$ cat my_file39.pdb   # PDB, C-alpha atoms, pLDDT in the B column
MODEL        1
ATOM      1  CA  MET A 120       9.798 -16.581  20.247  1.00 47.00           C
ATOM      2  CA  SER A 121       6.374 -17.317  21.716  1.00 51.00           C
ATOM      3  CA  GLU A 122       5.780 -20.687  23.316  1.00 65.00           C
ATOM      4  CA  HIS A 123       2.428 -21.339  21.690  1.00 67.00           C
ATOM      5  CA  ALA A 124       2.670 -20.103  18.087  1.00 92.00           C
ATOM      6  CA  ASP A 125       2.197 -22.835  15.510  1.00 97.00           C
ATOM      7  CA  THR A 126       3.178 -20.615  12.577  1.00 98.00           C
ATOM      8  CA  VAL A 127       6.298 -18.726  11.567  1.00 98.00           C
ATOM      9  CA  VAL A 128       6.523 -16.206   8.734  1.00 98.00           C
ATOM     10  CA  PHE A 129       9.979 -15.652   7.305  1.00 98.00           C
ATOM     11  CA  ILE A 130      11.186 -12.670   5.303  1.00 98.00           C
ATOM     12  CA  PRO A 131      14.262 -12.829   3.054  1.00 98.00           C
ATOM     13  CA  ALA A 132      16.001  -9.459   3.354  1.00 98.00           C
ATOM     14  CA  LEU A 133      19.015  -7.782   1.783  1.00 97.00           C
ATOM     15  CA  ASN A 134      19.569  -4.110   2.629  1.00 97.00           C
ATOM     16  CA  GLU A 135      15.882  -3.410   3.217  1.00 97.00           C
ATOM     17  CA  GLU A 136      16.108  -0.991   6.146  1.00 97.00           C
ATOM     18  CA  GLU A 137      13.730   1.457   4.461  1.00 96.00           C
ATOM     19  CA  SER A 138      10.857  -0.924   3.780  1.00 97.00           C
ATOM     20  CA  LEU A 139      11.282  -3.691   6.376  1.00 98.00           C
ATOM     21  CA  PRO A 140       9.839  -1.822   9.406  1.00 97.00           C
ATOM     22  CA  SER A 141       6.540  -1.246   7.577  1.00 97.00           C
ATOM     23  CA  VAL A 142       6.409  -4.891   6.516  1.00 98.00           C
ATOM     24  CA  LEU A 143       6.944  -6.039  10.106  1.00 98.00           C
ATOM     25  CA  ASP A 144       4.354  -3.603  11.477  1.00 98.00           C
ATOM     26  CA  GLU A 145       1.793  -4.860   8.978  1.00 98.00           C
ATOM     27  CA  LEU A 146       2.504  -8.482   9.836  1.00 98.00           C
ATOM     28  CA  HIS A 147       2.162  -7.822  13.560  1.00 97.00           C
ATOM     29  CA  GLU A 148      -1.142  -6.031  12.976  1.00 97.00           C
ATOM     30  CA  GLU A 149      -2.673  -8.547  10.585  1.00 98.00           C
ATOM     31  CA  LEU A 150      -1.129 -11.755  11.995  1.00 98.00           C
ATOM     32  CA  PRO A 151      -0.390 -11.085  15.675  1.00 96.00           C
ATOM     33  CA  GLU A 152      -0.489 -14.792  16.480  1.00 96.00           C
ATOM     34  CA  VAL A 153       2.514 -15.776  14.339  1.00 97.00           C
ATOM     35  CA  ASP A 154       6.244 -15.706  14.992  1.00 97.00           C
ATOM     36  CA  VAL A 155       8.388 -13.740  12.537  1.00 98.00           C
ATOM     37  CA  LEU A 156      11.856 -14.568  11.244  1.00 98.00           C
ATOM     38  CA  VAL A 157      13.988 -12.221   9.146  1.00 98.00           C
ATOM     39  CA  VAL A 158      16.661 -14.029   7.146  1.00 98.00           C
ATOM     40  CA  ASP A 159      19.291 -11.331   6.678  1.00 98.00           C
ATOM     41  CA  ASP A 160      21.380 -12.136   3.620  1.00 98.00           C
ATOM     42  CA  GLY A 161      24.551 -10.231   4.519  1.00 97.00           C
ATOM     43  CA  SER A 162      22.949  -6.769   4.648  1.00 98.00           C
ATOM     44  CA  GLN A 163      25.284  -3.799   4.988  1.00 97.00           C
ATOM     45  CA  ASP A 164      22.630  -1.506   6.466  1.00 97.00           C
ATOM     46  CA  ARG A 165      20.435  -1.659   9.622  1.00 98.00           C
ATOM     47  CA  THR A 166      18.169  -4.452   8.373  1.00 98.00           C
ATOM     48  CA  ALA A 167      19.049  -6.903  11.167  1.00 98.00           C
ATOM     49  CA  GLU A 168      19.024  -4.221  13.860  1.00 98.00           C
ATOM     50  CA  LEU A 169      15.578  -2.933  12.895  1.00 98.00           C
ATOM     51  CA  ALA A 170      14.208  -6.471  12.653  1.00 98.00           C
ATOM     52  CA  ARG A 171      15.295  -7.263  16.213  1.00 98.00           C
ATOM     53  CA  ALA A 172      13.928  -3.940  17.458  1.00 97.00           C
ATOM     54  CA  ALA A 173      10.539  -4.873  15.990  1.00 97.00           C
ATOM     55  CA  GLY A 174      10.520  -8.182  17.875  1.00 96.00           C
ATOM     56  CA  ALA A 175      11.454 -10.502  15.020  1.00 97.00           C
ATOM     57  CA  ASP A 176      13.940 -13.311  15.334  1.00 97.00           C
ATOM     58  CA  VAL A 177      16.903 -12.822  12.990  1.00 98.00           C
ATOM     59  CA  LEU A 178      19.052 -15.317  11.134  1.00 98.00           C
ATOM     60  CA  SER A 179      22.015 -13.410   9.667  1.00 97.00           C
ATOM     61  CA  PHE A 180      24.567 -14.518   7.115  1.00 97.00           C
ATOM     62  CA  PRO A 181      27.908 -12.663   7.409  1.00 95.00           C
ATOM     63  CA  VAL A 182      28.093 -12.362   3.611  1.00 96.00           C
ATOM     64  CA  ASN A 183      25.543 -12.385   0.824  1.00 97.00           C
ATOM     65  CA  ARG A 184      24.603 -15.988   0.016  1.00 96.00           C
ATOM     66  CA  GLY A 185      21.810 -15.435  -2.509  1.00 96.00           C
ATOM     67  CA  LEU A 186      18.074 -16.112  -2.518  1.00 96.00           C
ATOM     68  CA  PRO A 187      18.271 -19.914  -2.988  1.00 96.00           C
ATOM     69  CA  VAL A 188      20.237 -20.274   0.262  1.00 98.00           C
ATOM     70  CA  VAL A 189      17.969 -17.827   2.107  1.00 98.00           C
ATOM     71  CA  VAL A 190      14.761 -19.592   1.048  1.00 98.00           C
ATOM     72  CA  ALA A 191      16.076 -23.006   2.090  1.00 98.00           C
ATOM     73  CA  ALA A 192      17.217 -21.541   5.427  1.00 98.00           C
ATOM     74  CA  GLY A 193      13.757 -20.146   6.154  1.00 98.00           C
ATOM     75  CA  TYR A 194      12.026 -23.480   5.684  1.00 98.00           C
ATOM     76  CA  GLU A 195      14.800 -25.362   7.488  1.00 98.00           C
ATOM     77  CA  TYR A 196      14.263 -23.053  10.469  1.00 98.00           C
ATOM     78  CA  ALA A 197      10.524 -23.785  10.432  1.00 98.00           C
ATOM     79  CA  ALA A 198      11.196 -27.527  10.366  1.00 98.00           C
ATOM     80  CA  ARG A 199      13.894 -27.383  13.047  1.00 97.00           C
ATOM     81  CA  LYS A 200      11.642 -25.388  15.371  1.00 96.00           C
ATOM     82  CA  HIS A 201       8.741 -27.803  14.766  1.00 96.00           C
ATOM     83  CA  TYR A 202       6.253 -25.265  13.451  1.00 98.00           C
ATOM     84  CA  ALA A 203       3.079 -26.648  11.927  1.00 98.00           C
ATOM     85  CA  TYR A 204       2.871 -23.905   9.275  1.00 98.00           C
ATOM     86  CA  CYS A 205       5.193 -21.454   7.576  1.00 98.00           C
ATOM     87  CA  GLY A 206       4.574 -18.308   5.547  1.00 98.00           C
ATOM     88  CA  ARG A 207       6.905 -16.292   3.364  1.00 98.00           C
ATOM     89  CA  VAL A 208       6.728 -12.676   2.177  1.00 98.00           C
ATOM     90  CA  ASP A 209       9.247 -10.304   0.655  1.00 97.00           C
ATOM     91  CA  ALA A 210      10.883  -7.468   2.597  1.00 97.00           C
ATOM     92  CA  ASP A 211      10.128  -4.813  -0.012  1.00 96.00           C
ATOM     93  CA  GLY A 212       6.441  -4.411   0.864  1.00 96.00           C
ATOM     94  CA  GLN A 213       4.973  -5.995  -2.277  1.00 96.00           C
ATOM     95  CA  HIS A 214       3.086  -8.698  -0.367  1.00 98.00           C
ATOM     96  CA  PRO A 215       0.120  -7.515   1.751  1.00 97.00           C
ATOM     97  CA  ALA A 216      -0.155  -9.348   5.056  1.00 98.00           C
ATOM     98  CA  LYS A 217      -3.918  -9.718   4.632  1.00 98.00           C
ATOM     99  CA  GLU A 218      -3.261 -11.741   1.481  1.00 98.00           C
ATOM    100  CA  LEU A 219      -0.807 -13.954   3.333  1.00 98.00           C
ATOM    101  CA  ARG A 220      -3.511 -14.546   5.933  1.00 98.00           C
ATOM    102  CA  ARG A 221      -5.767 -15.900   3.176  1.00 98.00           C
ATOM    103  CA  LEU A 222      -3.044 -18.294   2.048  1.00 98.00           C
ATOM    104  CA  LEU A 223      -2.424 -19.509   5.589  1.00 98.00           C
ATOM    105  CA  GLU A 224      -6.142 -20.080   6.107  1.00 98.00           C
ATOM    106  CA  ARG A 225      -6.193 -22.355   3.049  1.00 98.00           C
ATOM    107  CA  VAL A 226      -3.319 -24.425   4.365  1.00 98.00           C
ATOM    108  CA  ARG A 227      -4.578 -24.537   7.959  1.00 98.00           C
ATOM    109  CA  SER A 228      -7.994 -25.747   6.791  1.00 98.00           C
ATOM    110  CA  GLY A 229      -6.368 -28.659   4.961  1.00 97.00           C
ATOM    111  CA  GLN A 230      -7.380 -27.484   1.472  1.00 97.00           C
ATOM    112  CA  CYS A 231      -3.770 -27.847   0.300  1.00 98.00           C
ATOM    113  CA  ASP A 232      -0.235 -28.471   1.517  1.00 98.00           C
ATOM    114  CA  VAL A 233       1.068 -25.264  -0.071  1.00 98.00           C
ATOM    115  CA  ALA A 234      -0.701 -22.085  -1.199  1.00 98.00           C
ATOM    116  CA  VAL A 235       1.102 -19.741  -3.599  1.00 98.00           C
ATOM    117  CA  GLY A 236      -0.038 -16.145  -4.053  1.00 98.00           C
ATOM    118  CA  SER A 237      -0.482 -15.362  -7.745  1.00 96.00           C
ATOM    119  CA  ARG A 238      -0.708 -12.080  -9.636  1.00 94.00           C
ATOM    120  CA  PHE A 239      -1.822 -13.822 -12.793  1.00 92.00           C
ATOM    121  CA  VAL A 240      -4.823 -15.975 -11.864  1.00 92.00           C
ATOM    122  CA  SER A 241      -8.277 -14.553 -11.273  1.00 93.00           C
ATOM    123  CA  GLY A 242     -11.095 -15.355  -8.881  1.00 93.00           C
ATOM    124  CA  GLU A 243     -13.877 -13.763  -6.902  1.00 92.00           C
ATOM    125  CA  GLY A 244     -12.795 -10.179  -6.229  1.00 91.00           C
ATOM    126  CA  TYR A 245      -9.640 -10.602  -8.328  1.00 93.00           C
ATOM    127  CA  GLU A 246     -10.116  -9.464 -11.907  1.00 91.00           C
ATOM    128  CA  PRO A 247      -8.183 -10.997 -14.816  1.00 89.00           C
ATOM    129  CA  TYR A 248      -5.236  -8.961 -16.104  1.00 83.00           C
ATOM    130  CA  ARG A 249      -5.128  -6.751 -12.997  1.00 83.00           C
ATOM    131  CA  TYR A 250      -1.342  -6.966 -13.110  1.00 82.00           C
ATOM    132  CA  LYS A 251       0.161  -5.655 -16.351  1.00 79.00           C
ATOM    133  CA  PRO A 252       3.819  -6.615 -16.821  1.00 74.00           C
ATOM    134  CA  SER A 253       6.060  -4.972 -19.388  1.00 69.00           C
ATOM    135  CA  PRO A 254       6.183  -6.573 -22.872  1.00 71.00           C
ATOM    136  CA  ALA A 255       9.537  -8.182 -22.063  1.00 64.00           C
ATOM    137  CA  ARG A 256       8.260  -9.610 -18.785  1.00 66.00           C
ATOM    138  CA  ARG A 257       5.080 -10.776 -20.490  1.00 68.00           C
ATOM    139  CA  LEU A 258       7.109 -12.664 -23.081  1.00 66.00           C
ATOM    140  CA  GLY A 259       9.275 -14.277 -20.406  1.00 68.00           C
ATOM    141  CA  THR A 260       6.293 -15.160 -18.220  1.00 68.00           C
ATOM    142  CA  GLY A 261       4.509 -16.789 -21.158  1.00 71.00           C
ATOM    143  CA  LEU A 262       7.545 -18.930 -21.934  1.00 74.00           C
ATOM    144  CA  LEU A 263       7.861 -20.022 -18.307  1.00 76.00           C
ATOM    145  CA  ARG A 264       4.180 -20.908 -18.071  1.00 77.00           C
ATOM    146  CA  ARG A 265       4.261 -23.114 -21.144  1.00 78.00           C
ATOM    147  CA  THR A 266       7.463 -24.851 -20.082  1.00 80.00           C
ATOM    148  CA  LEU A 267       6.320 -25.460 -16.504  1.00 83.00           C
ATOM    149  CA  SER A 268       2.933 -26.781 -17.601  1.00 84.00           C
ATOM    150  CA  LEU A 269       4.743 -29.554 -19.471  1.00 80.00           C
ATOM    151  CA  ARG A 270       6.388 -30.695 -16.225  1.00 82.00           C
ATOM    152  CA  LEU A 271       3.464 -30.197 -13.855  1.00 87.00           C
ATOM    153  CA  GLY A 272       0.773 -31.406 -16.227  1.00 86.00           C
ATOM    154  CA  ARG A 273      -1.309 -28.316 -15.475  1.00 89.00           C
ATOM    155  CA  PRO A 274      -1.047 -24.545 -15.919  1.00 87.00           C
ATOM    156  CA  PHE A 275       0.748 -22.472 -13.283  1.00 91.00           C
ATOM    157  CA  GLY A 276       0.551 -18.720 -13.731  1.00 89.00           C
ATOM    158  CA  ASP A 277       3.045 -17.210 -11.275  1.00 92.00           C
ATOM    159  CA  ALA A 278       5.859 -19.695 -10.770  1.00 89.00           C
ATOM    160  CA  THR A 279       8.323 -17.120  -9.383  1.00 88.00           C
ATOM    161  CA  SER A 280       5.974 -15.683  -6.751  1.00 94.00           C
ATOM    162  CA  GLY A 281       7.585 -15.220  -3.349  1.00 95.00           C
ATOM    163  CA  MET A 282       4.338 -15.231  -1.341  1.00 98.00           C
ATOM    164  CA  TYR A 283       3.856 -18.683   0.187  1.00 98.00           C
ATOM    165  CA  ALA A 284       2.045 -20.547   2.913  1.00 98.00           C
ATOM    166  CA  ALA A 285       3.091 -24.124   3.612  1.00 98.00           C
ATOM    167  CA  ALA A 286       2.222 -26.934   5.982  1.00 98.00           C
ATOM    168  CA  ALA A 287       4.905 -28.943   7.760  1.00 98.00           C
ATOM    169  CA  SER A 288       4.428 -31.737   5.213  1.00 98.00           C
ATOM    170  CA  ALA A 289       6.127 -29.503   2.631  1.00 98.00           C
ATOM    171  CA  PHE A 290       9.076 -28.353   4.765  1.00 98.00           C
ATOM    172  CA  PRO A 291      11.414 -31.271   3.918  1.00 98.00           C
ATOM    173  CA  PHE A 292      11.119 -30.506   0.199  1.00 98.00           C
ATOM    174  CA  LEU A 293      11.299 -26.710   0.416  1.00 98.00           C
ATOM    175  CA  ALA A 294      14.222 -26.774   2.873  1.00 98.00           C
ATOM    176  CA  GLN A 295      16.521 -28.862   0.681  1.00 97.00           C
ATOM    177  CA  PRO A 296      19.464 -26.923  -0.820  1.00 95.00           C
ATOM    178  CA  TYR A 297      18.611 -25.447  -4.201  1.00 94.00           C
ATOM    179  CA  THR A 298      20.918 -26.077  -7.117  1.00 87.00           C
ATOM    180  CA  THR A 299      19.723 -23.259  -9.385  1.00 83.00           C
ATOM    181  CA  GLY A 300      18.937 -19.548  -9.154  1.00 82.00           C
ATOM    182  CA  ALA A 301      15.209 -20.313  -9.362  1.00 83.00           C
ATOM    183  CA  PRO A 302      14.297 -21.746  -5.923  1.00 92.00           C
ATOM    184  CA  GLU A 303      10.547 -21.201  -6.292  1.00 93.00           C
ATOM    185  CA  VAL A 304      10.382 -23.176  -9.531  1.00 90.00           C
ATOM    186  CA  GLN A 305      12.635 -25.950  -8.253  1.00 91.00           C
ATOM    187  CA  GLY A 306      10.472 -26.121  -5.137  1.00 95.00           C
ATOM    188  CA  LEU A 307       7.301 -26.502  -7.220  1.00 95.00           C
ATOM    189  CA  LEU A 308       8.863 -29.378  -9.125  1.00 93.00           C
ATOM    190  CA  ARG A 309       9.862 -31.105  -5.874  1.00 95.00           C
ATOM    191  CA  LEU A 310       6.381 -30.675  -4.394  1.00 97.00           C
ATOM    192  CA  ALA A 311       4.742 -32.083  -7.519  1.00 95.00           C
ATOM    193  CA  GLU A 312       7.082 -35.071  -7.556  1.00 93.00           C
ATOM    194  CA  ALA A 313       6.283 -35.715  -3.886  1.00 96.00           C
ATOM    195  CA  GLY A 314       2.556 -35.718  -4.628  1.00 96.00           C
ATOM    196  CA  LEU A 315       1.773 -32.768  -2.390  1.00 98.00           C
ATOM    197  CA  SER A 316      -1.154 -30.469  -3.109  1.00 97.00           C
ATOM    198  CA  VAL A 317      -0.188 -26.970  -4.321  1.00 98.00           C
ATOM    199  CA  GLU A 318      -2.899 -24.363  -4.867  1.00 97.00           C
ATOM    200  CA  GLU A 319      -2.315 -21.151  -6.796  1.00 97.00           C
ATOM    201  CA  VAL A 320      -4.408 -18.449  -5.128  1.00 97.00           C
ATOM    202  CA  PRO A 321      -5.195 -15.046  -6.685  1.00 97.00           C
ATOM    203  CA  VAL A 322      -3.784 -12.141  -4.675  1.00 97.00           C
ATOM    204  CA  ASN A 323      -3.138  -8.454  -5.110  1.00 96.00           C
ATOM    205  CA  MET A 324       0.431  -7.220  -4.877  1.00 95.00           C
ATOM    206  CA  ARG A 325       1.827  -3.703  -4.567  1.00 93.00           C
ATOM    207  CA  PRO A 326       4.814  -1.852  -5.995  1.00 89.00           C
ATOM    208  CA  ARG A 327       7.856  -2.143  -3.749  1.00 79.00           C
ATOM    209  CA  LEU A 328       7.976   0.509  -1.018  1.00 67.00           C
ATOM    210  CA  SER A 329      11.521   1.664  -1.724  1.00 62.00           C
ATOM    211  CA  GLY A 330      14.562   1.011  -3.883  1.00 53.00           C
ATOM    212  CA  GLU A 331      14.594  -0.802  -7.205  1.00 51.00           C
ATOM    213  CA  SER A 332      14.110  -4.411  -8.141  1.00 49.00           C
ATOM    214  CA  ARG A 333      17.341  -6.378  -8.424  1.00 47.00           C
ATOM    215  CA  ILE A 334      15.797  -8.282 -11.343  1.00 46.00           C
ATOM    216  CA  SER A 335      15.633  -6.113 -14.439  1.00 47.00           C
ATOM    217  CA  GLY A 336      17.180  -5.810 -17.879  1.00 47.00           C
ATOM    218  CA  LYS A 337      19.826  -8.462 -18.493  1.00 59.00           C
ATOM    219  CA  LYS A 338      19.214  -9.987 -15.054  1.00 60.00           C
ATOM    220  CA  ALA A 339      15.551 -10.522 -15.927  1.00 56.00           C
ATOM    221  CA  ALA A 340      16.490 -12.211 -19.202  1.00 60.00           C
ATOM    222  CA  SER A 341      19.029 -14.354 -17.380  1.00 65.00           C
ATOM    223  CA  LEU A 342      16.376 -15.342 -14.831  1.00 61.00           C
ATOM    224  CA  VAL A 343      14.035 -16.496 -17.597  1.00 67.00           C
ATOM    225  CA  LEU A 344      16.778 -18.694 -19.053  1.00 70.00           C
ATOM    226  CA  THR A 345      17.685 -20.012 -15.591  1.00 67.00           C
ATOM    227  CA  VAL A 346      14.104 -20.886 -14.728  1.00 66.00           C
ATOM    228  CA  THR A 347      13.453 -22.499 -18.091  1.00 69.00           C
ATOM    229  CA  GLY A 348      16.638 -24.540 -17.761  1.00 68.00           C
ATOM    230  CA  THR A 349      15.631 -25.588 -14.259  1.00 65.00           C
ATOM    231  CA  ILE A 350      12.330 -26.905 -15.554  1.00 69.00           C
ATOM    232  CA  LEU A 351      13.701 -28.708 -18.589  1.00 69.00           C
ATOM    233  CA  LEU A 352      16.736 -30.216 -16.863  1.00 69.00           C
ATOM    234  CA  TYR A 353      15.216 -30.906 -13.430  1.00 64.00           C
ATOM    235  CA  ARG A 354      15.355 -34.697 -13.541  1.00 58.00           C
ATOM    236  CA  TRP A 355      18.898 -34.676 -14.913  1.00 57.00           C
ATOM    237  CA  MET A 356      20.067 -32.249 -12.206  1.00 55.00           C
ATOM    238  CA  LYS A 357      18.430 -34.367  -9.545  1.00 59.00           C
ATOM    239  CA  ARG A 358      20.230 -37.499 -10.695  1.00 54.00           C
ATOM    240  CA  GLY A 359      23.524 -35.608 -10.761  1.00 51.00           C
ATOM    241  CA  SER A 360      22.980 -34.311  -7.236  1.00 55.00           C
ATOM    242  CA  ALA A 361      22.182 -37.817  -5.996  1.00 52.00           C
TER     243      ALA A 361
ENDMDL
END

$ encode --input "my_file39.pdb" --output "structure tokens"
Amino acid sequence: MSEHADTVVFIPALNEEESLPSVLDELHEELPEVDVLVVDDGSQDRTAELARAAGADVLSFPVNRGLPVVVAAGYEYAARKHYAYCGRVDADGQHPAKELRRLLERVRSGQCDVAVGSRFVSGEGYEPYRYKPSPARRLGTGLLRRTLSLRLGRPFGDATSGMYAAAASAFPFLAQPYTTGAPEVQGLLRLAEAGLSVEEVPVNMRPRLSGESRISGKKAASLVLTVTGTILLYRWMKRGSA
């Protein structure tokens, strides 16, 4: 860990030895001033070893704990180490580091507390409909958008995006344990309730570098139901947790 970095970027990783080295190289090239943390979720391959070899700090779980635990751990680490800013990208290579830099610049300039990279909103240099999901994903995404807009009071195009930049003001809310399988959505609801500013920023994303998505078929349908339930039942779940 450097003594002077004010930003840490964390990467949730589960058996990503094929793609992780390229992700780390790109981060070091594009964001040489940041510290990097790999949260290894019980990988059975060389994920943790390769992360350390590339100069990243590594937080390893002995067994697979799941994405909600990993996401909370990344933000808890940023808070515990007193970073001013935190970024998040996936280990599969879908999130270009130059896009994360744009998100971090928004947060560092004070334009928002949290910037979320979105495949589904447009802007200068980012054409509408540049990302074309399958019909099933399009149906699920549409349902999630409509449901989330009821809770947030505004549209939000890419609620399950894993590309984030956050200021320290958001760490306490993003580091809390998640009670559903949809940590990104639950985090958005917490941030809105806390009155923090969240900006959805258009970005380009790439196909994963290797392997297959763990969210497809029945798992994708289950995720849609989980996310929708999280949105609709959020206040009830919060009272039960309290």

$ closest_residue --input "my_file39.pdb" --among "A:Leu293, A:Ala311, A:Leu169, A:Cys205" --to "Ala191 in chain A" --atoms "all atoms listed in the file"
A:Leu293

$ atom_distance --input "my_file39.pdb" --atom1 "CA of Leu143 in chain A" --atom2 "CA of Asp159 in chain A"
13.9 Å

$ resolve_selection --input "my_file39.pdb" --expression "the PyMOL selection byres ((chain A and resi 138) around 8)" --output "PyMOL selection string"
chain A and resi 135-137+139-142+210-212+328-329

$ atom_distance --input "my_file39.pdb" --atom1 "CA of Gly300 in chain A" --atom2 "CA of Pro247 in chain A"
29.0 Å

$ atom_distance --input "my_file39.pdb" --atom1 "CA of Ser179 in chain A" --atom2 "CA of Tyr202 in chain A"
20.1 Å

$ residues_near_point --input "my_file39.pdb" --point "(-4.9, -25.2, -16.5)" --cutoff "12 Å" --atoms "only C-alpha atoms" --output "ChimeraX atom specification"
/A:240,264-265,267-269,271-276,318-319

$ resolve_selection --input "my_file39.pdb" --expression "the PyMOL selection byres ((chain A and resi 277) around 7)" --output "list of chain:residue names"
A:Ser237, A:Arg238, A:Phe239, A:Phe275, A:Gly276, A:Ala278, A:Thr279, A:Ser280

$ closest_residue --input "my_file39.pdb" --among "A:Val226, A:Cys231, A:Leu263, A:Ala287" --to "Leu315 in chain A" --atoms "only C-alpha atoms"
A:Cys231

$ closest_residue --input "my_file39.pdb" --among "A:Phe290, A:Tyr204, A:Tyr297, A:Tyr250" --to "Val128 in chain A" --atoms "all atoms listed in the file"
A:Tyr204

$ closest_residue --input "my_file39.pdb" --among "A:Ala170, A:Leu133, A:Ala203, A:Ala192" --to "Ser288 in chain A" --atoms "only C-alpha atoms"
A:Ala203

$ resolve_selection --input "my_file39.pdb" --expression "the PyMOL selection byres ((chain A and resi 324) around 10)" --output "list in words"
Gly212, Gln213, His214, Pro215, Glu218, Gly236, Ser237, Arg238, Arg249, Tyr250, Met282, Pro321, Val322, Asn323, Arg325, Pro326 and Arg327 of chain A

$ closest_residue --input "my_file39.pdb" --among "A:Arg207, A:Gln163, A:Ala132, A:Ala289" --to "Leu178 in chain A" --atoms "only C-alpha atoms"
A:Ala132

$ closest_residue --input "my_file39.pdb" --among "A:Ala285, A:Pro131, A:Leu344, A:Thr298" --to "Arg227 in chain A" --atoms "all atoms listed in the file"
A:Ala285

$ axis_aligned_box --input "my_file39.pdb" --around "range 295-314 of chain A" --padding-each-side "6 Å" --output "AutoDock Vina command-line options"
--center_x 11.7 --center_y -27.6 --center_z -4.4 --size_x 30.4 --size_y 28.2 --size_z 22.2

$ residues_around --input "my_file39.pdb" --residues "Gly206 in chain A" --least-positions-apart "2" --cutoff "10 Å" --atoms "only C-alpha atoms" --output "MDAnalysis selection string"
chainID A and resid 126:130 153:156 193:194 197 204 208 219:220 222:223 233:235 281:286

$ decode --input "my_file39.pdb" --residues "range 277-330 of chain A" --atoms "C-alpha atoms" --output "mmCIF file, in the first residue's frame"
data_model
loop_
_atom_site.group_PDB
_atom_site.id
_atom_site.type_symbol
_atom_site.label_atom_id
_atom_site.label_comp_id
_atom_site.auth_asym_id
_atom_site.auth_seq_id
_atom_site.Cartn_x
_atom_site.Cartn_y
_atom_site.Cartn_z
ATOM 1 C CA ASP A 277 -28.457 0.189 -15.161
ATOM 2 C CA ALA A 278 -29.214 -0.667 -11.550
ATOM 3 C CA THR A 279 -27.077 -3.839 -11.511
ATOM 4 C CA SER A 280 -23.926 -2.226 -12.919
ATOM 5 C CA GLY A 281 -20.758 -3.184 -11.069
ATOM 6 C CA MET A 282 -18.701 -0.159 -12.163
ATOM 7 C CA TYR A 283 -18.686 2.395 -9.340
ATOM 8 C CA ALA A 284 -16.836 5.385 -7.991
ATOM 9 C CA ALA A 285 -17.737 6.607 -4.516
ATOM 10 C CA ALA A 286 -16.665 9.279 -2.071
ATOM 11 C CA ALA A 287 -16.060 8.499 1.594
ATOM 12 C CA SER A 288 -19.484 9.955 2.415
ATOM 13 C CA ALA A 289 -21.044 6.880 0.785
ATOM 14 C CA PHE A 290 -18.844 4.224 2.422
ATOM 15 C CA PRO A 291 -20.975 3.750 5.574
ATOM 16 C CA PHE A 292 -24.025 2.903 3.456
ATOM 17 C CA LEU A 293 -22.291 0.724 0.863
ATOM 18 C CA ALA A 294 -20.291 -1.190 3.493
ATOM 19 C CA GLN A 295 -23.303 -2.328 5.513
ATOM 20 C CA PRO A 296 -24.089 -6.064 5.212
ATOM 21 C CA TYR A 297 -26.502 -6.781 2.382
ATOM 22 C CA THR A 298 -29.578 -8.851 3.071
ATOM 23 C CA THR A 299 -30.405 -9.819 -0.520
ATOM 24 C CA GLY A 300 -28.623 -11.160 -3.598
ATOM 25 C CA ALA A 301 -28.856 -7.729 -5.241
ATOM 26 C CA PRO A 302 -26.247 -5.581 -3.428
ATOM 27 C CA GLU A 303 -26.091 -2.875 -6.102
ATOM 28 C CA VAL A 304 -29.833 -2.246 -5.961
ATOM 29 C CA GLN A 305 -29.965 -2.346 -2.170
ATOM 30 C CA GLY A 306 -27.044 0.079 -2.114
ATOM 31 C CA LEU A 307 -28.867 2.506 -4.421
ATOM 32 C CA LEU A 308 -31.887 2.454 -2.137
ATOM 33 C CA ARG A 309 -29.706 3.165 0.911
ATOM 34 C CA LEU A 310 -27.933 6.046 -0.836
ATOM 35 C CA ALA A 311 -31.234 7.592 -1.907
ATOM 36 C CA GLU A 312 -32.656 7.301 1.600
ATOM 37 C CA ALA A 313 -29.522 8.968 2.986
ATOM 38 C CA GLY A 314 -29.931 11.885 0.586
ATOM 39 C CA LEU A 315 -26.634 11.320 -1.183
ATOM 40 C CA SER A 316 -26.138 12.332 -4.802
ATOM 41 C CA VAL A 317 -25.882 9.413 -7.265
ATOM 42 C CA GLU A 318 -25.119 10.112 -10.923
ATOM 43 C CA GLU A 319 -25.605 7.533 -13.660
ATOM 44 C CA VAL A 320 -22.834 8.072 -16.208
ATOM 45 C CA PRO A 321 -22.804 6.580 -19.728
ATOM 46 C CA VAL A 322 -19.890 4.202 -20.300
ATOM 47 C CA ASN A 323 -18.827 1.583 -22.791
ATOM 48 C CA MET A 324 -18.367 -1.970 -21.572
ATOM 49 C CA ARG A 325 -16.749 -4.975 -23.235
ATOM 50 C CA PRO A 326 -17.507 -8.687 -23.420
ATOM 51 C CA ARG A 327 -15.801 -10.612 -20.634
ATOM 52 C CA LEU A 328 -12.241 -11.666 -21.486
ATOM 53 C CA SER A 329 -12.667 -15.324 -20.574
ATOM 54 C CA GLY A 330 -15.117 -17.846 -19.169
#
